[in-house]
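Structure first, then comments.
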2 protein chains.
Amino acid sequence: MIKIGELSKVTGCSVQTIRHYEKEHLIASVERSEGNFRLYDEAAVEQLLFIKHCRSLDLSLPEIRQLLALNRSPGAQCDDVNRMMDRHIEQVEARIQELTKLNEQLRMLRRSCSNRRTVEQCGILRNLSATPVSSG
Amino acid sequence: MIKIGELSKVTGCSVQTIRHYEKEHLIASVERSEGNFRLYDEAAVEQLLFIKHCRSLDLSLPEIRQLLALNRSPGAQCDDVNRMMDRHIEQVEARIQELTKLNEQLRMLRRSCSNRRTVEQCGILRNLSATPVSSG
DNA sequence: ATAAACTCTATAATAACTATAGAGTCAATC
DNA sequence: GATTGACTCTATAGTTATTATAGAGTTTAT
């Protein structure tokens with residue numbers, strides 16, 4: 001049995017984050033010591049690493065909660081998992097597209113000003129003042 | 001002189017957003033009518049469109065505040081503007097890289113499960129339980 | 001006079017943490 | 001036994017850029 005500081009070290013999640021996950025019901029409330037300190041076992045380490053892995057994939061806490069619930073009912077069909085992943089992948093790809101477009105606009109804007117000019121002549125500011133591009 | 005609802009329509013910014021920008025000093029406090037309603041002129045429309053354009057390029061409110069300040073002192077060198085843009089472009093490109101990597105991982109994970117299996121056999125959940133990838 | 005549409009301020013919610021205050025616990029040292 | 005330091009506890013506020021709400025006042029039209 002380890003205390004929260006140790007769990008934090010082992011998993012790389014901050015102490016506050018662990019307590020936050022408990023409050024959000026991503027990890028169950030655990031045993032306490034006599035002095036009211038949280039005590040974790042190996043299973044808690046595993047679950048926290050699972051959560052961390054999901055977070056590294058940008059899954060939201062509600063999404064992770066859903067995955068954990070599915071994980072707890074092994075007989076269920078995993079269509080739900082797949083649907084969630086598909087939706088998530090779509091979102092990520094949409095965001096990549098957005099940012100790619102954004103990047104082009106920024107680079108174009110940046111090219112409109114070379115250093116050592118005064119703000120008055122600055123192409124960037126002039127262009128920002130012009131009508132925004134349609135797609136926002 | 002137009003009221004805030006009209007300004008909202010013209011610029012496409014919500015009424016609350018406009019008030020928020022005022023509180024954050026992106027737009028100056030304006031004249032009020034007898035009944036304490038904000039009254040805007042053409043310059044306010046221009047400035048709000050400038051802000052909106054900047055936001056569409058994902059510039060933060062503090063960044064926009066800085067641009068507006070530069071805009072007000074036309075004699076200043078625009079190196080600062082350029083530095084900000086360069087930093088911003090870097091950030092956007094870093095985020096694109098991150099998301100692209102993320103997308104690959106998600107697709108790989110997704111391939112590990114075909115529908116109509118039970119959660120017990122689900123490759124996605126099994127893989128999420130395994131050690132996270134190094135780069136977070 | 002009243003209703004509808006608008007505006008005002010102030011406050012809370014959003015996501016996923018991070019940071020802080022103020023108090024309690026525990027092990028070791030003086 | 002008292003104190004120090006490292007740790008933990010709860011509760012609360014802050015982060016970003018809005019959005020949403022409550023409760024009140026204003027304007028316009030009927």
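Each chain of the structure tokens is named A, B, ... in the order shown, its residues numbered from 1; ligands are numbered from 1 in display order.
Any residue of chain A with an atom within 12 Å of chain D counts; using only C-alpha atoms (C1' of nucleotides), that gives Lys3, Ile4, Gly5, Glu6, Val15, Gln16, Arg19, Arg32, Ser33, Gly35, Asn36, Phe37, Arg38 and Leu39 of chain A.
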For those residues, write all heavy atoms to a file as a compact mmCIF listing (two decimals), in the first residue's frame.
# COMPACT_ATOMS: atom_id res chain seq x y z
N LYS A 3 1.16 5.70 -0.45
CA LYS A 3 0.44 6.95 -0.27
C LYS A 3 0.44 7.72 -1.59
O LYS A 3 1.11 7.37 -2.55
CB LYS A 3 1.07 7.76 0.87
CG LYS A 3 0.68 7.24 2.24
CD LYS A 3 1.25 8.10 3.35
CE LYS A 3 2.74 7.93 3.48
NZ LYS A 3 3.32 8.70 4.59
N ILE A 4 -0.29 8.81 -1.59
CA ILE A 4 -0.55 9.51 -2.85
C ILE A 4 0.73 10.08 -3.47
O ILE A 4 0.85 10.12 -4.71
CB ILE A 4 -1.61 10.62 -2.63
CG1 ILE A 4 -2.23 11.04 -3.96
CG2 ILE A 4 -1.02 11.81 -1.87
CD1 ILE A 4 -3.49 11.86 -3.84
N GLY A 5 1.68 10.49 -2.65
CA GLY A 5 2.93 11.03 -3.18
C GLY A 5 3.70 9.98 -3.95
O GLY A 5 4.26 10.26 -5.03
N GLU A 6 3.69 8.79 -3.41
CA GLU A 6 4.36 7.66 -4.07
C GLU A 6 3.65 7.32 -5.39
O GLU A 6 4.29 7.14 -6.42
CB GLU A 6 4.34 6.46 -3.11
CG GLU A 6 5.03 5.21 -3.63
CD GLU A 6 6.54 5.31 -3.62
OE1 GLU A 6 7.06 6.27 -3.00
OE2 GLU A 6 7.18 4.45 -4.25
N VAL A 15 -0.04 15.02 -7.68
CA VAL A 15 -0.90 14.69 -6.55
C VAL A 15 -2.28 15.32 -6.71
O VAL A 15 -3.31 14.66 -6.50
CB VAL A 15 -0.24 15.16 -5.23
CG1 VAL A 15 -1.24 15.11 -4.09
CG2 VAL A 15 0.97 14.30 -4.91
N GLN A 16 -2.30 16.58 -7.09
CA GLN A 16 -3.60 17.26 -7.25
C GLN A 16 -4.43 16.60 -8.33
O GLN A 16 -5.64 16.48 -8.23
CB GLN A 16 -3.42 18.72 -7.63
CG GLN A 16 -2.66 19.56 -6.64
CD GLN A 16 -1.25 19.83 -7.12
OE1 GLN A 16 -0.49 18.88 -7.33
NE2 GLN A 16 -0.90 21.09 -7.32
N ARG A 19 -6.07 13.48 -7.01
CA ARG A 19 -7.25 13.82 -6.19
C ARG A 19 -8.38 14.32 -7.08
O ARG A 19 -9.55 14.04 -6.82
CB ARG A 19 -6.86 14.87 -5.15
CG ARG A 19 -5.99 14.29 -4.04
CD ARG A 19 -5.97 15.17 -2.80
NE ARG A 19 -5.04 16.27 -2.92
CZ ARG A 19 -3.95 16.45 -2.14
NH1 ARG A 19 -3.68 15.58 -1.20
NH2 ARG A 19 -3.17 17.48 -2.32
N ARG A 32 -8.43 4.60 3.58
CA ARG A 32 -7.64 5.63 4.23
C ARG A 32 -6.86 5.00 5.40
O ARG A 32 -7.32 4.03 6.01
CB ARG A 32 -8.53 6.75 4.78
CG ARG A 32 -9.34 7.49 3.71
CD ARG A 32 -8.49 8.32 2.79
NE ARG A 32 -9.28 9.06 1.80
CZ ARG A 32 -9.47 10.37 1.85
NH1 ARG A 32 -8.94 11.11 2.81
NH2 ARG A 32 -10.19 10.97 0.92
N SER A 33 -5.74 5.59 5.70
CA SER A 33 -4.96 5.18 6.87
C SER A 33 -5.64 5.74 8.13
O SER A 33 -6.63 6.46 8.03
CB SER A 33 -3.54 5.71 6.78
OG SER A 33 -3.55 7.11 7.00
N GLY A 35 -4.58 8.06 9.96
CA GLY A 35 -4.46 9.52 9.89
C GLY A 35 -5.15 10.12 8.68
O GLY A 35 -4.87 11.25 8.29
N ASN A 36 -6.04 9.34 8.04
CA ASN A 36 -6.86 9.82 6.92
C ASN A 36 -6.08 10.00 5.61
O ASN A 36 -6.47 10.80 4.77
CB ASN A 36 -7.58 11.12 7.30
CG ASN A 36 -8.75 11.40 6.38
OD1 ASN A 36 -9.39 10.47 5.88
ND2 ASN A 36 -9.01 12.67 6.12
N PHE A 37 -4.97 9.33 5.45
CA PHE A 37 -4.22 9.40 4.20
C PHE A 37 -4.72 8.34 3.24
O PHE A 37 -5.01 7.20 3.64
CB PHE A 37 -2.72 9.16 4.47
CG PHE A 37 -2.03 10.30 5.18
CD1 PHE A 37 -2.75 11.41 5.62
CD2 PHE A 37 -0.67 10.26 5.40
CE1 PHE A 37 -2.12 12.45 6.28
CE2 PHE A 37 -0.03 11.31 6.06
CZ PHE A 37 -0.76 12.40 6.50
N ARG A 38 -4.81 8.69 1.96
CA ARG A 38 -5.24 7.72 0.94
C ARG A 38 -4.19 6.62 0.78
O ARG A 38 -2.99 6.93 0.72
CB ARG A 38 -5.45 8.42 -0.40
CG ARG A 38 -6.63 9.35 -0.46
CD ARG A 38 -6.61 10.16 -1.75
NE ARG A 38 -7.76 11.06 -1.88
CZ ARG A 38 -7.84 12.26 -1.30
NH1 ARG A 38 -6.85 12.69 -0.56
NH2 ARG A 38 -8.91 13.03 -1.49
N LEU A 39 -4.65 5.38 0.66
CA LEU A 39 -3.73 4.25 0.49
C LEU A 39 -4.07 3.50 -0.80
O LEU A 39 -5.21 3.09 -1.00
CB LEU A 39 -3.84 3.30 1.68
CG LEU A 39 -3.37 3.88 3.02
CD1 LEU A 39 -3.59 2.89 4.15
CD2 LEU A 39 -1.90 4.32 2.94
Might you pull out every residue within 12 Å of range 63-68 of chain B, with only C-alpha atoms (C1' of nucleotides) counted and same-chain residues fewer than 4 positions away left off, and present them as a compact mmCIF listing (two decimals) with N, CA, C and O atoms, in the first residue's frame?
# COMPACT_ATOMS: atom_id res chain seq x y z
N VAL A 119 5.68 50.62 -37.72
CA VAL A 119 4.36 50.01 -37.63
C VAL A 119 3.43 50.56 -38.73
O VAL A 119 2.59 49.86 -39.27
N CYS A 122 3.71 48.56 -41.67
CA CYS A 122 3.73 47.11 -41.42
C CYS A 122 2.60 46.40 -42.14
O CYS A 122 1.42 46.65 -41.91
N ILE A 124 1.67 43.39 -41.87
CA ILE A 124 0.89 42.51 -41.00
C ILE A 124 -0.31 43.26 -40.43
O ILE A 124 -1.46 42.84 -40.55
N LEU A 125 -0.01 44.40 -39.83
CA LEU A 125 -1.10 45.17 -39.23
C LEU A 125 -2.09 45.65 -40.28
O LEU A 125 -3.29 45.65 -40.06
N ARG A 126 -1.54 46.05 -41.42
CA ARG A 126 -2.45 46.51 -42.50
C ARG A 126 -3.39 45.39 -42.91
O ARG A 126 -4.58 45.57 -43.08
N LEU A 128 -4.21 42.71 -41.17
CA LEU A 128 -5.14 42.34 -40.11
C LEU A 128 -6.33 43.28 -40.07
O LEU A 128 -7.43 42.89 -39.68
N SER A 129 -6.11 44.51 -40.48
CA SER A 129 -7.20 45.48 -40.48
C SER A 129 -8.18 45.25 -41.63
O SER A 129 -9.32 45.66 -41.56
N TYR B 21 -14.68 41.93 -24.08
CA TYR B 21 -13.52 42.61 -24.65
C TYR B 21 -13.32 43.97 -24.00
O TYR B 21 -12.19 44.41 -23.80
N GLU B 22 -14.41 44.61 -23.69
CA GLU B 22 -14.29 45.90 -23.01
C GLU B 22 -13.67 45.72 -21.63
O GLU B 22 -12.75 46.45 -21.24
N GLU B 24 -11.73 43.45 -20.69
CA GLU B 24 -10.32 43.07 -20.88
C GLU B 24 -9.51 44.16 -21.57
O GLU B 24 -8.37 43.93 -21.98
N HIS B 25 -10.12 45.29 -21.75
CA HIS B 25 -9.44 46.45 -22.34
C HIS B 25 -8.93 46.20 -23.77
O HIS B 25 -7.89 46.72 -24.15
N LEU B 26 -9.65 45.41 -24.52
CA LEU B 26 -9.34 45.27 -25.95
C LEU B 26 -10.06 46.36 -26.73
O LEU B 26 -9.61 46.76 -27.80
N ILE B 27 -11.17 46.79 -26.22
CA ILE B 27 -11.82 47.96 -26.77
C ILE B 27 -12.05 48.93 -25.61
O ILE B 27 -12.27 48.50 -24.47
N ALA B 28 -11.98 50.21 -25.90
CA ALA B 28 -12.11 51.21 -24.85
C ALA B 28 -13.55 51.28 -24.37
O ALA B 28 -14.48 50.88 -25.06
N GLU B 46 -14.65 48.84 -36.84
CA GLU B 46 -13.34 48.49 -37.43
C GLU B 46 -12.48 47.71 -36.45
O GLU B 46 -11.90 46.67 -36.77
N GLN B 47 -12.39 48.27 -35.25
CA GLN B 47 -11.52 47.67 -34.26
C GLN B 47 -12.00 46.27 -33.87
O GLN B 47 -11.21 45.34 -33.71
N LEU B 48 -13.29 46.11 -33.76
CA LEU B 48 -13.84 44.80 -33.40
C LEU B 48 -13.58 43.79 -34.51
O LEU B 48 -13.26 42.63 -34.25
N LEU B 49 -13.66 44.26 -35.75
CA LEU B 49 -13.36 43.36 -36.87
C LEU B 49 -11.88 42.96 -36.87
O LEU B 49 -11.54 41.82 -37.17
N PHE B 50 -11.05 43.92 -36.54
CA PHE B 50 -9.61 43.63 -36.40
C PHE B 50 -9.41 42.53 -35.36
O PHE B 50 -8.74 41.52 -35.61
N ILE B 51 -10.04 42.70 -34.22
CA ILE B 51 -9.92 41.70 -33.14
C ILE B 51 -10.44 40.35 -33.62
O ILE B 51 -9.81 39.31 -33.40
N LYS B 52 -11.56 40.38 -34.30
CA LYS B 52 -12.15 39.13 -34.76
C LYS B 52 -11.22 38.41 -35.74
O LYS B 52 -11.08 37.19 -35.69
N HIS B 53 -10.62 39.20 -36.60
CA HIS B 53 -9.68 38.62 -37.55
C HIS B 53 -8.51 37.96 -36.81
O HIS B 53 -8.12 36.85 -37.11
N CYS B 54 -7.99 38.68 -35.84
CA CYS B 54 -6.89 38.12 -35.03
C CYS B 54 -7.32 36.83 -34.34
O CYS B 54 -6.59 35.84 -34.30
N ARG B 55 -8.53 36.82 -33.79
CA ARG B 55 -9.02 35.63 -33.10
C ARG B 55 -9.15 34.46 -34.06
O ARG B 55 -8.90 33.31 -33.69
N SER B 56 -9.56 34.75 -35.28
CA SER B 56 -9.70 33.68 -36.28
C SER B 56 -8.34 33.08 -36.60
O SER B 56 -8.24 31.96 -37.09
N LEU B 57 -7.27 33.83 -36.29
CA LEU B 57 -5.92 33.32 -36.46
C LEU B 57 -5.38 32.77 -35.14
O LEU B 57 -4.20 32.50 -34.99
N ASP B 58 -6.28 32.60 -34.17
CA ASP B 58 -5.94 31.97 -32.89
C ASP B 58 -4.98 32.80 -32.04
O ASP B 58 -4.35 32.27 -31.14
N LEU B 59 -4.88 34.09 -32.35
CA LEU B 59 -4.06 34.94 -31.47
C LEU B 59 -4.81 35.10 -30.15
O LEU B 59 -6.02 35.21 -30.13
N ARG B 72 -1.48 51.71 -32.30
CA ARG B 72 -1.73 53.07 -31.84
C ARG B 72 -0.47 53.94 -31.84
O ARG B 72 -0.56 55.16 -31.75
N SER B 73 0.72 53.31 -31.92
CA SER B 73 1.96 54.10 -31.95
C SER B 73 2.69 53.83 -33.26
O SER B 73 3.61 53.04 -33.32
N PRO B 74 2.26 54.52 -34.32
CA PRO B 74 2.65 54.17 -35.68
C PRO B 74 4.14 54.38 -35.94
O PRO B 74 4.68 53.82 -36.90
N ALA B 76 6.57 53.32 -34.03
CA ALA B 76 7.35 52.23 -33.46
C ALA B 76 7.82 51.25 -34.54
O ALA B 76 7.23 51.14 -35.60
N CYS B 78 8.34 47.61 -36.12
CA CYS B 78 7.40 46.51 -36.02
C CYS B 78 8.08 45.16 -35.80
O CYS B 78 7.49 44.12 -36.03
N ASP B 79 9.30 45.22 -35.30
CA ASP B 79 9.98 43.96 -34.95
C ASP B 79 9.15 43.13 -33.98
O ASP B 79 9.10 41.91 -34.07
N ASP B 80 8.52 43.83 -33.05
CA ASP B 80 7.73 43.14 -32.04
C ASP B 80 6.59 42.35 -32.67
O ASP B 80 6.32 41.21 -32.29
N VAL B 81 5.95 42.99 -33.63
CA VAL B 81 4.87 42.31 -34.34
C VAL B 81 5.40 41.04 -34.99
O VAL B 81 4.82 39.96 -34.89
N ASN B 82 6.56 41.19 -35.63
CA ASN B 82 7.14 40.04 -36.33
C ASN B 82 7.51 38.92 -35.38
O ASN B 82 7.25 37.75 -35.64
N ARG B 83 8.11 39.30 -34.26
CA ARG B 83 8.50 38.28 -33.27
C ARG B 83 7.27 37.53 -32.78
O ARG B 83 7.29 36.31 -32.66
N MET B 84 6.22 38.27 -32.50
CA MET B 84 5.01 37.63 -32.03
C MET B 84 4.46 36.65 -33.06
O MET B 84 4.09 35.53 -32.74
N MET B 85 4.44 37.11 -34.31
CA MET B 85 3.91 36.24 -35.37
C MET B 85 4.76 34.99 -35.50
O MET B 85 4.23 33.89 -35.64
N ARG B 87 6.60 33.54 -33.25
CA ARG B 87 6.37 32.65 -32.11
C ARG B 87 5.04 31.92 -32.29
O ARG B 87 4.92 30.72 -32.04
N HIS B 88 4.05 32.67 -32.73
CA HIS B 88 2.73 32.09 -32.89
C HIS B 88 2.74 31.00 -33.96
O HIS B 88 2.15 29.93 -33.78
Q | chain C residues near chain A (10 Å cut-off, only C-alpha atoms (C1' of nucleotides)) as a PyMOL selection string | A | chain C and resi 15-19+24-26
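For the set B:Gln97, B:Ser112, B:Met1, B:Asn127, the residue with the smallest atom-to-atom gap to Glu31 in chain B is B:Met1, counting only C-alpha atoms.
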Q | Contact residues around Glu93 in chain A with only C-alpha atoms (C1' of nucleotides) at 12 Å, ignoring same-chain residues under 4 positions, as a VMD selection string | A | (chain A and resid 86 to 89 97 to 100) or (chain B and resid 96 to 104 106 to 107)
Q: Among the residues of chain B, find those DSSP assigns to helix (DSSP H, G or I) from the backbone and print them as a PyMOL selection string.
A: chain B and resi 4-11+15-23+42-56+61-72+79-111+119-121+123-129
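Counting from CA of Val10 in chain B, the distance to C1' of DT9 in chain C is 24.0 Å.
Shortest atom-to-atom contact with chain B among A:Ser29, A:Gly12, A:Glu42, A:Gln105: A:Gln105, counting only C-alpha atoms.
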